[in-house]
Amino acid sequence: MADTPKPVVLIVRDGWGRNPNPEHDEYNAVKLAKTPCNDRLLEKYPWTTIHTSGEDVGLPDGTMGNSEVGHQNLGAGRVVDQESVRITKAIRTGEFFENKNLVAGIERAKKNGRWVHIMGIASDAGVHGLMDHLYACVEFCKKRDHEKVALHMFTDGRDTGPYTGIEYIRQIEQELARIGVGKVVSISGRYYAMDRDNRWERVKRAYDMLTGRAAELDAFKSANEAMQNYYDNPTNDSQNGDEFITPRYVGDDWKETRITDGDTVVFYNYRGDRPREIIRSFVMDPFLGAVKASPDTGEKGFDRGKKLDVFWVTMTAYETDLNQYVNVAFPKPPKMTNIGGEYLAEKGLTQFRCAETEKFPHVTFFFNDYRDEPFDGEGREMPQSPQVGTYDLKPEMSAYEVRDVVLKRIEAADCEDFILVNFANGDMVGHTGKLDAAIKACETVDSCVEAVVNATLARGGKLIVTADHGNSEQMYEEKNKSAHTAHTTYDVDCIIVDPDLTDAATGSRDRPSEKLRSGGRLADVFPTVLKLMGLAKPMEMTGESLV
């Protein structure tokens with residue numbers, strides 16, 4: 001085995017991109033923040049920029065990257081074709097319209113004289129789902145001569161502009177008119193219908209709306225009216241825009257379009273982390289008391305009444321434990337072999353993963369190619385994310401706690417060979433659209449990175465400082481004259497903090513090193529990790545070292 005230095009640390013500054021547009025400087029939180037550590041690293045060590053979006057990470061061309069895709073590519077050491085691409089190809093070839101589980105779901109509803117409910121994210125950001133996949137589901141119903149099609153739309157405002165949802169809903173309704181079946185019958189912000197942090201008090205509001213149990217909710221004559229009403233009457237100043245739209249009924253016949261026995265539900269999101277909770281509330285038996293407690297209320301679920309007899313189709317496999325309750329249209333392909341964590345384990349090397357709650361699945365589950373269990377020699381620790389409504393209220397999040405955990409491991413006698421740490425602030429605070437908070441978030445991350453860098457170098461180790469995608473480098477959208485709350489498609493920095501490579505540095509924060517390979521992407525990061533560790537990369541890793 002090669003003589004490996006201890007440790008090699010991979011720091012992911014989530015949502016920290018490089019905005020190439022000087023005209024954006026006044027709302028570029030990364031640029032406006034005081035980041036002495038970042039400045040020093042760029043000047044003293046070699047760096048380059050890498051691609052984190054579109055086909056470079058296995059997404060459709062022009063689609064922004066995201067943390068799930070980003071960490072999967074980082075951990076795999078190869079470009080991973082994402083499920084969105086697989087589904088789009090199936091639609092294009094016609095294979096989609098022969099899918100046995102979708103056929104079974106539509107035919108069951110048709111036989112029962114009941115509704116096919118189609119639900120998911122109402123945006124074209126491509127992070128959680130695609131509107132083309134929604135339209136294909138509606139077309140499928142049309143092809144099977146089933147006209148009772150109800151759409152429950154979950155507005156975005158996080159990966160899109162905060163007030164773009166009303167236009168997306170208009171586009172959806174225009175497409176429904178063209179197809180000739182289907183109608184929008186519910187609106188809910190993703191804050192409620194797509195929670196992923198066990199905040200069951202939010203999920204309950206979406207569940208009660210979807211099933212018609214919330215008699216106190218207003219019913220709006222049109223989706224446009226429902227959207228505009230929330231724009232004009234937000235919950236509060238921190239919860240305005242599409243993400244936070246409270247669940248609401250659409251249509252005079254809303255009672256007829258609720259989910260009940262005999263119905264079929266198709267969830268067309270392809271990303272699995274955010275549909276899980278609302279689906280659990282429908283399919284688990286028992287449910288109340290059988291799920292993790294809410295960090296805010298301590299409640300383990302809610303009283304949902306009797307379990308409904310519903311045929312569930314999920315576009316992809318959202319979670320292994322859910323597969324027994326649902327029918328998966330596009331199961332996961334075979335697991336990749338010799339991904340980063342697996343390769344290190346086979347070499348008998350140790351590794352450690354750390355992130356706060358919001359990003360912990362990314363440094364474990366997604367980095368390990370959708371594997372829940374740690375590899376041999378893989379340690380993990382997860383500081384709890386702060387319990388606030390939105391992270392602009394605490395832009396530091398739990399970065400200092402993450403820092404302290406990592407420092408403890410670096411300084412330990414049995415320090416791991418490889419350490420992966422994610423600082424969530426640039427992304428999670430960037431999603432709020434609050435510039436001042438995003439600046440504070442970047443400054444917090446910079447101070448934490450400095451501590452980790454110093455400790456690693458003192459131990460004789462090396463680091464790679466990079467990101468999974470951009471976000472905080474653009475906090476305003478000129479086109480819409482509103483806050484920019486989404487990810488970007490900009491490249492991100494990749495800094496090689498290796499004392500042996502300082503001669504390759506340019507001394508400039510704006511000029512990358514010519515001695516590093518240009519045109520790289522996230523798939524190249526782990527091969528670079530292995531190069532720093534003195535290890536050859538396995539043949540399955542098609543990424544190339546940047547060094």
# chains A, B, ... in the order shown; residues from 1 in each chain; ligands from 1

call {"tool": "select_by_dssp", "arguments": {"residues": "segment 469-540 of chain A", "states": "strand (DSSP E or B)", "output": "list of chain:residue names"}}
result
A:Gly470, A:Tyr476, A:Glu477, A:Ser482, A:Ala483, A:Thr488, A:Val492, A:Asp493, A:Cys494, A:Ile495, A:Ile496, A:Val497, A:Gly520, A:Arg521

call {"tool": "residues_around", "arguments": {"residues": "segment 126-135 of chain A", "least_positions_apart": "4", "cutoff": "6 Å", "atoms": "only C-alpha atoms", "output": "list in words"}}
result
Asn269, Tyr270 and Arg271 of chain A

call {"tool": "residues_around", "arguments": {"residues": "Ser545 of chain A", "least_positions_apart": "2", "cutoff": "12 Å", "atoms": "only C-alpha atoms", "output": "number ranges by chain"}}
result
A: 50, 77-78, 464, 494, 496, 515-537, 541-543, 547

call {"tool": "write_last_selection", "arguments": {"atoms": "C-alpha atoms", "output": "tab-separated table (two decimals), in the first residue's frame"}}
result
chain	number	residue	atom	x	y	z
A	50	ILE	CA	-14.52	23.11	-11.94
A	77	GLY	CA	-15.11	9.92	-9.06
A	78	ARG	CA	-17.04	9.73	-12.32
A	464	ILE	CA	-8.89	20.25	-1.11
A	494	CYS	CA	-11.04	23.99	-6.27
A	496	ILE	CA	-5.25	22.29	-3.60
A	515	LYS	CA	-0.08	23.72	-13.55
A	516	LEU	CA	-3.47	22.27	-12.62
A	517	ARG	CA	-5.66	20.66	-15.25
A	518	SER	CA	-8.32	23.06	-16.53
A	519	GLY	CA	-11.86	22.19	-17.59
A	520	GLY	CA	-12.38	19.90	-14.62
A	521	ARG	CA	-15.61	18.87	-12.96
A	522	LEU	CA	-16.78	17.35	-9.69
A	523	ALA	CA	-15.96	13.85	-10.92
A	524	ASP	CA	-12.27	14.83	-10.90
A	525	VAL	CA	-12.13	15.70	-7.21
A	526	PHE	CA	-11.87	12.23	-5.69
A	527	PRO	CA	-9.18	11.09	-8.15
A	528	THR	CA	-7.33	14.20	-6.95
A	529	VAL	CA	-7.85	13.10	-3.34
A	530	LEU	CA	-6.32	9.74	-4.20
A	531	LYS	CA	-3.38	11.43	-5.92
A	532	LEU	CA	-2.69	13.45	-2.77
A	533	MET	CA	-2.87	10.22	-0.76
A	534	GLY	CA	-0.38	8.54	-3.06
A	535	LEU	CA	-2.94	6.04	-4.35
A	536	ALA	CA	-3.77	5.02	-7.89
A	537	LYS	CA	-7.40	5.47	-8.83
A	541	MET	CA	-13.25	6.09	-11.77
A	542	THR	CA	-13.27	7.91	-15.08
A	543	GLY	CA	-12.53	11.28	-13.47
A	547	VAL	CA	-2.93	17.74	-10.12

call {"tool": "closest_residue", "arguments": {"among": "A:Ser186, A:Thr235, A:Ser222, A:Gln72", "to": "Met209 of chain A", "atoms": "only C-alpha atoms"}}
result
A:Ser186

call {"tool": "residues_around", "arguments": {"residues": "segment 109-116 of chain A", "least_positions_apart": "6", "cutoff": "6 Å", "atoms": "only C-alpha atoms", "output": "number ranges by chain"}}
result
A: 148-149, 263-265

call {"tool": "write_last_selection", "arguments": {"atoms": "N, CA and C atoms", "output": "CSV table (one decimal), in the first residue's frame"}}
result
chain,number,residue,atom,x,y,z
A,148,LYS,N,-60.1,11.7,-15.2
A,148,LYS,CA,-60.2,12.2,-13.8
A,148,LYS,C,-58.7,12.4,-13.3
A,149,VAL,N,-58.1,13.5,-13.6
A,149,VAL,CA,-56.7,13.7,-13.3
A,149,VAL,C,-56.6,15.0,-12.5
A,263,ASP,N,-58.1,5.7,-4.9
A,263,ASP,CA,-57.4,6.6,-5.8
A,263,ASP,C,-56.0,6.1,-6.1
A,264,THR,N,-55.4,6.7,-7.1
A,264,THR,CA,-53.9,6.5,-7.4
A,264,THR,C,-53.2,7.8,-7.3
A,265,VAL,N,-52.0,7.8,-6.7
A,265,VAL,CA,-51.2,9.0,-6.6
A,265,VAL,C,-49.9,8.8,-7.3

call {"tool": "closest_residue", "arguments": {"among": "A:Pro395, A:Pro374, A:Gly470, A:Gly94", "to": "Ile439 of chain A", "atoms": "only C-alpha atoms"}}
result
A:Pro395

call {"tool": "closest_residue", "arguments": {"among": "A:Met428, A:Asp56, A:Ile495, A:Pro7", "to": "Gly461 of chain A", "atoms": "only C-alpha atoms"}}
result
A:Pro7

call {"tool": "select_by_dssp", "arguments": {"residues": "segment 102-195 of chain A", "states": "helix (DSSP H, G or I)", "output": "PyMOL selection string"}}
result
chain A and resi 102-112+131-143+165-179+190-193

call {"tool": "residues_around", "arguments": {"residues": "Asp296 of chain A", "least_positions_apart": "4", "cutoff": "10 Å", "atoms": "only C-alpha atoms", "output": "list in words"}}
result
Asp197, Asn198, Arg199, Trp200, Glu201, Gln387, Val388 and Gly389 of chain A

call {"tool": "atom_distance", "arguments": {"atom1": "atom CA of Tyr249 of chain A", "atom2": "atom CA of Ala125 of chain A"}}
result
24.5 Å

call {"tool": "closest_residue", "arguments": {"among": "A:Thr35, A:Phe282, A:Glu450, A:Asn480", "to": "Lys306 of chain A", "atoms": "only C-alpha atoms"}}
result
A:Phe282

call {"tool": "residues_around", "arguments": {"residues": "Ser123 of chain A", "least_positions_apart": "2", "cutoff": "12 Å", "atoms": "only C-alpha atoms", "output": "ChimeraX atom specification"}}
result
/A:120-121,125-134,153-172,189-190,242-243,269,486

call {"tool": "closest_residue", "arguments": {"among": "A:Thr489, A:Asn38, A:Thr432, A:Thr48", "to": "Asp61 of chain A", "atoms": "only C-alpha atoms"}}
result
A:Thr489

call {"tool": "residues_around", "arguments": {"residues": "segment 341-346 of chain A", "least_positions_apart": "5", "cutoff": "9 Å", "atoms": "only C-alpha atoms", "output": "list in words"}}
result
Gly75, Ala76, Gln351, Phe367, Asn368, Pro374, Phe375, Asp376, Gly377, Glu378, Asp417, Phe418, Lys537 and Pro538 of chain A

call {"tool": "write_last_selection", "arguments": {"atoms": "N, CA and C atoms", "output": "PDB file, in the first residue's frame"}}
result
ATOM      1  N   GLY A  75     -18.268  11.738  -4.697  1.00  0.00           N
ATOM      2  CA  GLY A  75     -17.931  10.456  -4.100  1.00  0.00           C
ATOM      3  C   GLY A  75     -17.656   9.359  -5.106  1.00  0.00           C
ATOM      4  N   ALA A  76     -18.239   9.479  -6.301  1.00  0.00           N
ATOM      5  CA  ALA A  76     -18.100   8.417  -7.305  1.00  0.00           C
ATOM      6  C   ALA A  76     -16.802   8.519  -8.084  1.00  0.00           C
ATOM      7  N   GLN A 351     -11.830   6.715   7.398  1.00  0.00           N
ATOM      8  CA  GLN A 351     -12.414   7.963   6.889  1.00  0.00           C
ATOM      9  C   GLN A 351     -13.434   8.477   7.886  1.00  0.00           C
ATOM     10  N   PHE A 367     -22.916  10.780  -0.986  1.00  0.00           N
ATOM     11  CA  PHE A 367     -21.500  10.584  -1.292  1.00  0.00           C
ATOM     12  C   PHE A 367     -21.200   9.099  -1.481  1.00  0.00           C
ATOM     13  N   ASN A 368     -21.951   8.253  -0.774  1.00  0.00           N
ATOM     14  CA  ASN A 368     -21.769   6.799  -0.858  1.00  0.00           C
ATOM     15  C   ASN A 368     -22.713   6.153  -1.865  1.00  0.00           C
ATOM     16  N   PRO A 374     -22.482   2.914   6.776  1.00  0.00           N
ATOM     17  CA  PRO A 374     -21.095   3.347   6.551  1.00  0.00           C
ATOM     18  C   PRO A 374     -20.227   2.181   6.088  1.00  0.00           C
ATOM     19  N   PHE A 375     -19.170   2.496   5.377  1.00  0.00           N
ATOM     20  CA  PHE A 375     -18.186   1.483   5.004  1.00  0.00           C
ATOM     21  C   PHE A 375     -17.323   1.155   6.220  1.00  0.00           C
ATOM     22  N   ASP A 376     -16.602   0.063   6.149  1.00  0.00           N
ATOM     23  CA  ASP A 376     -15.679  -0.289   7.225  1.00  0.00           C
ATOM     24  C   ASP A 376     -14.686   0.850   7.425  1.00  0.00           C
ATOM     25  N   GLY A 377     -14.505   1.236   8.681  1.00  0.00           N
ATOM     26  CA  GLY A 377     -13.554   2.297   8.972  1.00  0.00           C
ATOM     27  C   GLY A 377     -14.074   3.695   8.733  1.00  0.00           C
ATOM     28  N   GLU A 378     -15.394   3.821   8.493  1.00  0.00           N
ATOM     29  CA  GLU A 378     -15.993   5.140   8.233  1.00  0.00           C
ATOM     30  C   GLU A 378     -16.730   5.642   9.473  1.00  0.00           C
ATOM     31  N   ASP A 417      -7.597   8.726   7.835  1.00  0.00           N
ATOM     32  CA  ASP A 417      -6.798   9.016   6.641  1.00  0.00           C
ATOM     33  C   ASP A 417      -7.480  10.044   5.742  1.00  0.00           C
ATOM     34  N   PHE A 418      -8.808   9.979   5.680  1.00  0.00           N
ATOM     35  CA  PHE A 418      -9.574  10.896   4.828  1.00  0.00           C
ATOM     36  C   PHE A 418     -10.717  11.484   5.638  1.00  0.00           C
ATOM     37  N   LYS A 537      -5.944   5.544  -8.814  1.00  0.00           N
ATOM     38  CA  LYS A 537      -7.402   5.467  -8.832  1.00  0.00           C
ATOM     39  C   LYS A 537      -7.834   4.159  -9.484  1.00  0.00           C
ATOM     40  N   PRO A 538      -8.973   3.612  -9.044  1.00  0.00           N
ATOM     41  CA  PRO A 538      -9.471   2.381  -9.668  1.00  0.00           C
ATOM     42  C   PRO A 538      -9.944   2.650 -11.091  1.00  0.00           C
TER      43      PRO A 538
END

call {"tool": "decode", "arguments": {"residues": "segment 380-410 of chain A", "atoms": "C-alpha atoms", "output": "PDB file, in the first residue's frame"}}
result
ATOM      1  CA  ARG A 380     -19.654   9.931  11.183  1.00  0.00           C
ATOM      2  CA  GLU A 381     -20.901  12.792  13.323  1.00  0.00           C
ATOM      3  CA  MET A 382     -23.817  15.185  12.811  1.00  0.00           C
ATOM      4  CA  PRO A 383     -24.264  18.387  14.828  1.00  0.00           C
ATOM      5  CA  GLN A 384     -27.928  19.462  14.894  1.00  0.00           C
ATOM      6  CA  SER A 385     -28.893  22.351  12.606  1.00  0.00           C
ATOM      7  CA  PRO A 386     -30.406  25.303  14.495  1.00  0.00           C
ATOM      8  CA  GLN A 387     -34.148  25.282  15.063  1.00  0.00           C
ATOM      9  CA  VAL A 388     -35.143  28.460  13.264  1.00  0.00           C
ATOM     10  CA  GLY A 389     -37.815  29.117  10.676  1.00  0.00           C
ATOM     11  CA  THR A 390     -35.331  30.337   8.067  1.00  0.00           C
ATOM     12  CA  TYR A 391     -31.564  30.372   8.252  1.00  0.00           C
ATOM     13  CA  ASP A 392     -31.153  34.093   7.662  1.00  0.00           C
ATOM     14  CA  LEU A 393     -32.199  34.307  11.316  1.00  0.00           C
ATOM     15  CA  LYS A 394     -29.003  32.445  12.229  1.00  0.00           C
ATOM     16  CA  PRO A 395     -26.582  32.550   9.294  1.00  0.00           C
ATOM     17  CA  GLU A 396     -23.853  30.911  11.386  1.00  0.00           C
ATOM     18  CA  MET A 397     -26.073  27.803  11.485  1.00  0.00           C
ATOM     19  CA  SER A 398     -24.038  25.073  13.231  1.00  0.00           C
ATOM     20  CA  ALA A 399     -20.768  25.716  11.415  1.00  0.00           C
ATOM     21  CA  TYR A 400     -18.791  26.232  14.602  1.00  0.00           C
ATOM     22  CA  GLU A 401     -20.029  22.932  15.994  1.00  0.00           C
ATOM     23  CA  VAL A 402     -19.049  21.195  12.745  1.00  0.00           C
ATOM     24  CA  ARG A 403     -15.633  22.863  12.924  1.00  0.00           C
ATOM     25  CA  ASP A 404     -15.086  21.678  16.480  1.00  0.00           C
ATOM     26  CA  VAL A 405     -16.009  18.092  15.648  1.00  0.00           C
ATOM     27  CA  VAL A 406     -13.569  18.034  12.735  1.00  0.00           C
ATOM     28  CA  LEU A 407     -10.772  19.667  14.740  1.00  0.00           C
ATOM     29  CA  LYS A 408     -11.205  17.018  17.407  1.00  0.00           C
ATOM     30  CA  ARG A 409     -10.723  14.273  14.816  1.00  0.00           C
ATOM     31  CA  ILE A 410      -7.731  15.962  13.180  1.00  0.00           C
TER      32      ILE A 410
END
